[in-house]
Amino acid sequence: MKKLAVFISGSGSNLQAILDATADGQLEADVVLVVSNRQSAYGLTRAEKAGVPTLYFPFKPYREAGKNRATYDADLAKQVSQYQPDLIVLAGWMHIFSPAFLNRFPNRVINLHPALPDTFVGVGGIEWAFEAYHKGEIEHGGCMVHYVSPEVDRGPVIVQTIVPILPEDTLNTYAERVHATEHRIIIKAIQKVWVTLGESS
Ligand code: GRF
């Protein structure tokens with residue numbers, strides 16, 4: 001069985017989608033570790049309920065000790081590598097990895113982004129798309145899963161899909177549609193990576 005490590009910083013609804021898909025056999029994988037850089041992340045509770053090991057690994061103690069991000073990234077990579085994940089899924093993970101992390105897992109880190117490729121890069125993907133729609137700049141939103149490169153929210157795309165924005169949408173109804181779509185494409189993306197890994201081995 002392939003091993004997944006899922007990194008979160010918040011609610012973890014995408015983690016839940018992954019856990020559900022592994023439990024019902026839709027996804028051939030075991031989640032072997034859930035990492036959070038925020039102690040209050042509800043995703044940690046979801047992991048515990050599913051019996052999955054968790055690692056709370058905050059950057060703050062590093063910053064306070066005058067240590068840089070590369071040191072944090074290298075230490076985290078070391079801990080995670082003990083679980084020997086086939087794939088690391090960043091699902092709402094709010095920390096930008098440096099090569100100190102990424103080089104330990106080449107082509108093995110993927111990220112979920114709530115906008116289409118090369119658009120609305122950063123934390124406001126949903127809000128910025130909604131605003132752009134109302135300014136007449138875009139006709140629809142979207143979301144995607146991509147391999148992680150050192151540039152934020154960029155890297156080869158694995159799955160992308162359009163998410164409609166309707167004239168009657170509020171930011172909340174649009175956000176809900178994006179999240180429901182994300183829950184599907186994150187599974188599809190992992191399945192596609194498994195095919196790719198199978199072809200390369
Ligand atoms: C998702 O919208 C993801 O695209 C973004 O953060 C959100 C995470 O949601 N990067 P959740 O924690 O999985 O519910």
# chains A, B, ... in the order shown; residues from 1 in each chain; ligands from 1
>>> residues_near_ligand(ligand="ligand 1", cutoff="8 Å", atoms="only C-alpha atoms and all ligand atoms", output="PyMOL selection string")
chain A and resi 8-16+43+90-94+111-115+123+125-126+143+175+178-179+182
>>> write_last_selection(atoms="N, CA, C and O atoms", output="tab-separated table (two decimals), in the first residue's frame")
chain	number	residue	atom	x	y	z
A	8	ILE	N	-1.24	19.99	6.90
A	8	ILE	CA	-2.39	20.89	7.04
A	8	ILE	C	-2.02	22.07	7.95
A	8	ILE	O	-1.02	22.03	8.68
A	9	SER	N	-2.88	23.09	7.91
A	9	SER	CA	-2.74	24.20	8.87
A	9	SER	C	-4.09	24.60	9.43
A	9	SER	O	-4.17	25.53	10.24
A	10	GLY	N	-5.16	23.96	8.96
A	10	GLY	CA	-6.49	24.43	9.36
A	10	GLY	C	-7.50	23.32	9.51
A	10	GLY	O	-7.21	22.27	10.07
A	11	SER	N	-8.69	23.57	8.95
A	11	SER	CA	-9.83	22.67	9.14
A	11	SER	C	-9.57	21.23	8.72
A	11	SER	O	-10.05	20.29	9.34
A	12	GLY	N	-8.84	21.06	7.65
A	12	GLY	CA	-8.50	19.70	7.22
A	12	GLY	C	-9.64	18.99	6.51
A	12	GLY	O	-9.72	17.77	6.52
A	13	SER	N	-10.54	19.76	5.85
A	13	SER	CA	-11.63	19.08	5.14
A	13	SER	C	-11.08	18.28	3.96
A	13	SER	O	-11.64	17.23	3.60
A	14	ASN	N	-9.99	18.73	3.38
A	14	ASN	CA	-9.37	17.94	2.30
A	14	ASN	C	-8.68	16.69	2.86
A	14	ASN	O	-8.73	15.63	2.24
A	15	LEU	N	-8.08	16.83	4.03
A	15	LEU	CA	-7.54	15.64	4.71
A	15	LEU	C	-8.66	14.63	4.92
A	15	LEU	O	-8.50	13.43	4.69
A	16	GLN	N	-9.84	15.14	5.36
A	16	GLN	CA	-10.98	14.25	5.60
A	16	GLN	C	-11.39	13.52	4.33
A	16	GLN	O	-11.68	12.32	4.34
A	43	GLY	N	-7.86	19.77	11.70
A	43	GLY	CA	-7.39	18.58	10.99
A	43	GLY	C	-6.63	17.61	11.89
A	43	GLY	O	-6.65	16.40	11.65
A	90	LEU	N	0.22	18.63	0.36
A	90	LEU	CA	0.02	19.87	1.09
A	90	LEU	C	-1.44	20.27	0.87
A	90	LEU	O	-1.84	20.65	-0.23
A	91	ALA	N	-2.25	20.13	1.93
A	91	ALA	CA	-3.69	20.37	1.82
A	91	ALA	C	-4.06	21.49	2.78
A	91	ALA	O	-4.46	21.25	3.91
A	92	GLY	N	-3.84	22.73	2.32
A	92	GLY	CA	-4.09	23.87	3.19
A	92	GLY	C	-2.92	24.15	4.11
A	92	GLY	O	-3.09	24.74	5.19
A	93	TRP	N	-1.75	23.76	3.70
A	93	TRP	CA	-0.51	23.95	4.49
A	93	TRP	C	0.01	25.36	4.27
A	93	TRP	O	0.33	25.73	3.13
A	94	MET	N	0.07	26.16	5.34
A	94	MET	CA	0.43	27.57	5.21
A	94	MET	C	1.90	27.81	5.58
A	94	MET	O	2.20	28.49	6.57
A	111	ASN	N	0.57	20.06	-4.11
A	111	ASN	CA	-0.14	21.11	-3.38
A	111	ASN	C	-1.50	21.37	-4.03
A	111	ASN	O	-1.63	21.32	-5.24
A	112	LEU	N	-2.45	21.67	-3.18
A	112	LEU	CA	-3.79	22.02	-3.62
A	112	LEU	C	-3.90	23.54	-3.60
A	112	LEU	O	-3.55	24.17	-2.60
A	113	HIS	N	-4.37	24.11	-4.71
A	113	HIS	CA	-4.48	25.57	-4.79
A	113	HIS	C	-5.89	25.94	-5.25
A	113	HIS	O	-6.36	25.41	-6.25
A	114	PRO	N	-6.56	26.85	-4.52
A	114	PRO	CA	-7.98	27.11	-4.84
A	114	PRO	C	-8.18	28.11	-5.98
A	114	PRO	O	-9.06	28.97	-5.92
A	115	ALA	N	-7.36	28.01	-7.00
A	115	ALA	CA	-7.50	28.85	-8.20
A	115	ALA	C	-6.82	28.11	-9.36
A	115	ALA	O	-6.10	27.13	-9.13
A	123	VAL	N	-2.54	33.43	-0.58
A	123	VAL	CA	-3.57	32.95	0.35
A	123	VAL	C	-5.00	33.36	-0.02
A	123	VAL	O	-5.96	32.83	0.53
A	125	GLY	N	-6.75	33.10	-2.89
A	125	GLY	CA	-7.20	32.55	-4.18
A	125	GLY	C	-8.70	32.64	-4.41
A	125	GLY	O	-9.16	33.03	-5.49
A	126	ILE	N	-9.49	32.30	-3.41
A	126	ILE	CA	-10.95	32.27	-3.58
A	126	ILE	C	-11.51	33.69	-3.63
A	126	ILE	O	-12.26	34.06	-4.52
A	143	CYS	N	-9.80	25.45	-9.55
A	143	CYS	CA	-8.82	24.99	-8.57
A	143	CYS	C	-7.91	23.96	-9.22
A	143	CYS	O	-8.21	23.49	-10.33
A	175	ALA	N	-17.13	29.84	-2.26
A	175	ALA	CA	-16.08	29.12	-1.51
A	175	ALA	C	-16.49	27.66	-1.27
A	175	ALA	O	-15.68	26.74	-1.42
A	178	VAL	N	-15.94	25.71	-4.41
A	178	VAL	CA	-14.50	25.44	-4.61
A	178	VAL	C	-14.08	24.28	-3.71
A	178	VAL	O	-13.42	23.34	-4.16
A	179	HIS	N	-14.49	24.34	-2.44
A	179	HIS	CA	-14.05	23.28	-1.51
A	179	HIS	C	-14.58	21.91	-1.93
A	179	HIS	O	-13.84	20.92	-1.91
A	182	GLU	N	-12.48	20.80	-4.70
A	182	GLU	CA	-11.14	20.41	-4.20
A	182	GLU	C	-11.16	19.00	-3.63
A	182	GLU	O	-10.22	18.22	-3.84
>>> select_by_dssp(residues="region 44-125 of chain A", states="strand (DSSP E or B)", output="list in words")
Thr54, Leu55, Tyr56, Leu87, Ile88, Val89, Leu90, Val109, Ile110, Asn111, Leu112 and His113 of chain A
>>> write_last_selection(atoms="N, CA and C atoms", output="compact mmCIF listing (two decimals), in the first residue's frame")
# COMPACT_ATOMS: atom_id res chain seq x y z
N THR A 54 0.09 11.98 14.36
CA THR A 54 0.18 13.42 14.04
C THR A 54 1.50 13.99 14.53
N LEU A 55 1.90 15.04 13.86
CA LEU A 55 3.11 15.77 14.26
C LEU A 55 2.79 17.25 14.21
N TYR A 56 2.83 17.89 15.37
CA TYR A 56 2.66 19.35 15.43
C TYR A 56 4.06 19.93 15.40
N LEU A 87 4.27 9.91 -1.04
CA LEU A 87 3.82 11.22 -1.51
C LEU A 87 3.47 12.10 -0.31
N ILE A 88 3.82 13.37 -0.44
CA ILE A 88 3.45 14.36 0.58
C ILE A 88 2.40 15.29 -0.04
N VAL A 89 1.26 15.40 0.62
CA VAL A 89 0.17 16.22 0.09
C VAL A 89 0.01 17.46 0.96
N LEU A 90 0.22 18.63 0.36
CA LEU A 90 0.02 19.87 1.09
C LEU A 90 -1.44 20.27 0.87
N VAL A 109 6.10 15.95 -3.69
CA VAL A 109 5.31 16.90 -2.90
C VAL A 109 4.30 17.56 -3.83
N ILE A 110 3.00 17.46 -3.49
CA ILE A 110 1.97 18.10 -4.31
C ILE A 110 1.16 19.06 -3.44
N ASN A 111 0.57 20.06 -4.11
CA ASN A 111 -0.14 21.11 -3.38
C ASN A 111 -1.50 21.37 -4.03
N LEU A 112 -2.45 21.67 -3.18
CA LEU A 112 -3.79 22.02 -3.62
C LEU A 112 -3.90 23.54 -3.60
N HIS A 113 -4.37 24.11 -4.71
CA HIS A 113 -4.48 25.57 -4.79
C HIS A 113 -5.89 25.94 -5.25
>>> residues_around(residues="Val52 (chain A)", least_positions_apart="3", cutoff="9 Å", atoms="only C-alpha atoms", output="count of residues only")
8
>>> atom_distance(atom1="CA of Asp30 (chain A)", atom2="CA of Lys3 (chain A)")
5.1 Å
>>> atom_distance(atom1="CA of Glu139 (chain A)", atom2="CA of Ile187 (chain A)")
26.0 Å
>>> atom_distance(atom1="CA of His140 (chain A)", atom2="CA of Ile162 (chain A)")
6.7 Å
>>> closest_residue(among="A:His134, A:Glu127, A:Leu197, A:Phe7", to="Val80 (chain A)", atoms="only C-alpha atoms")
A:Phe7
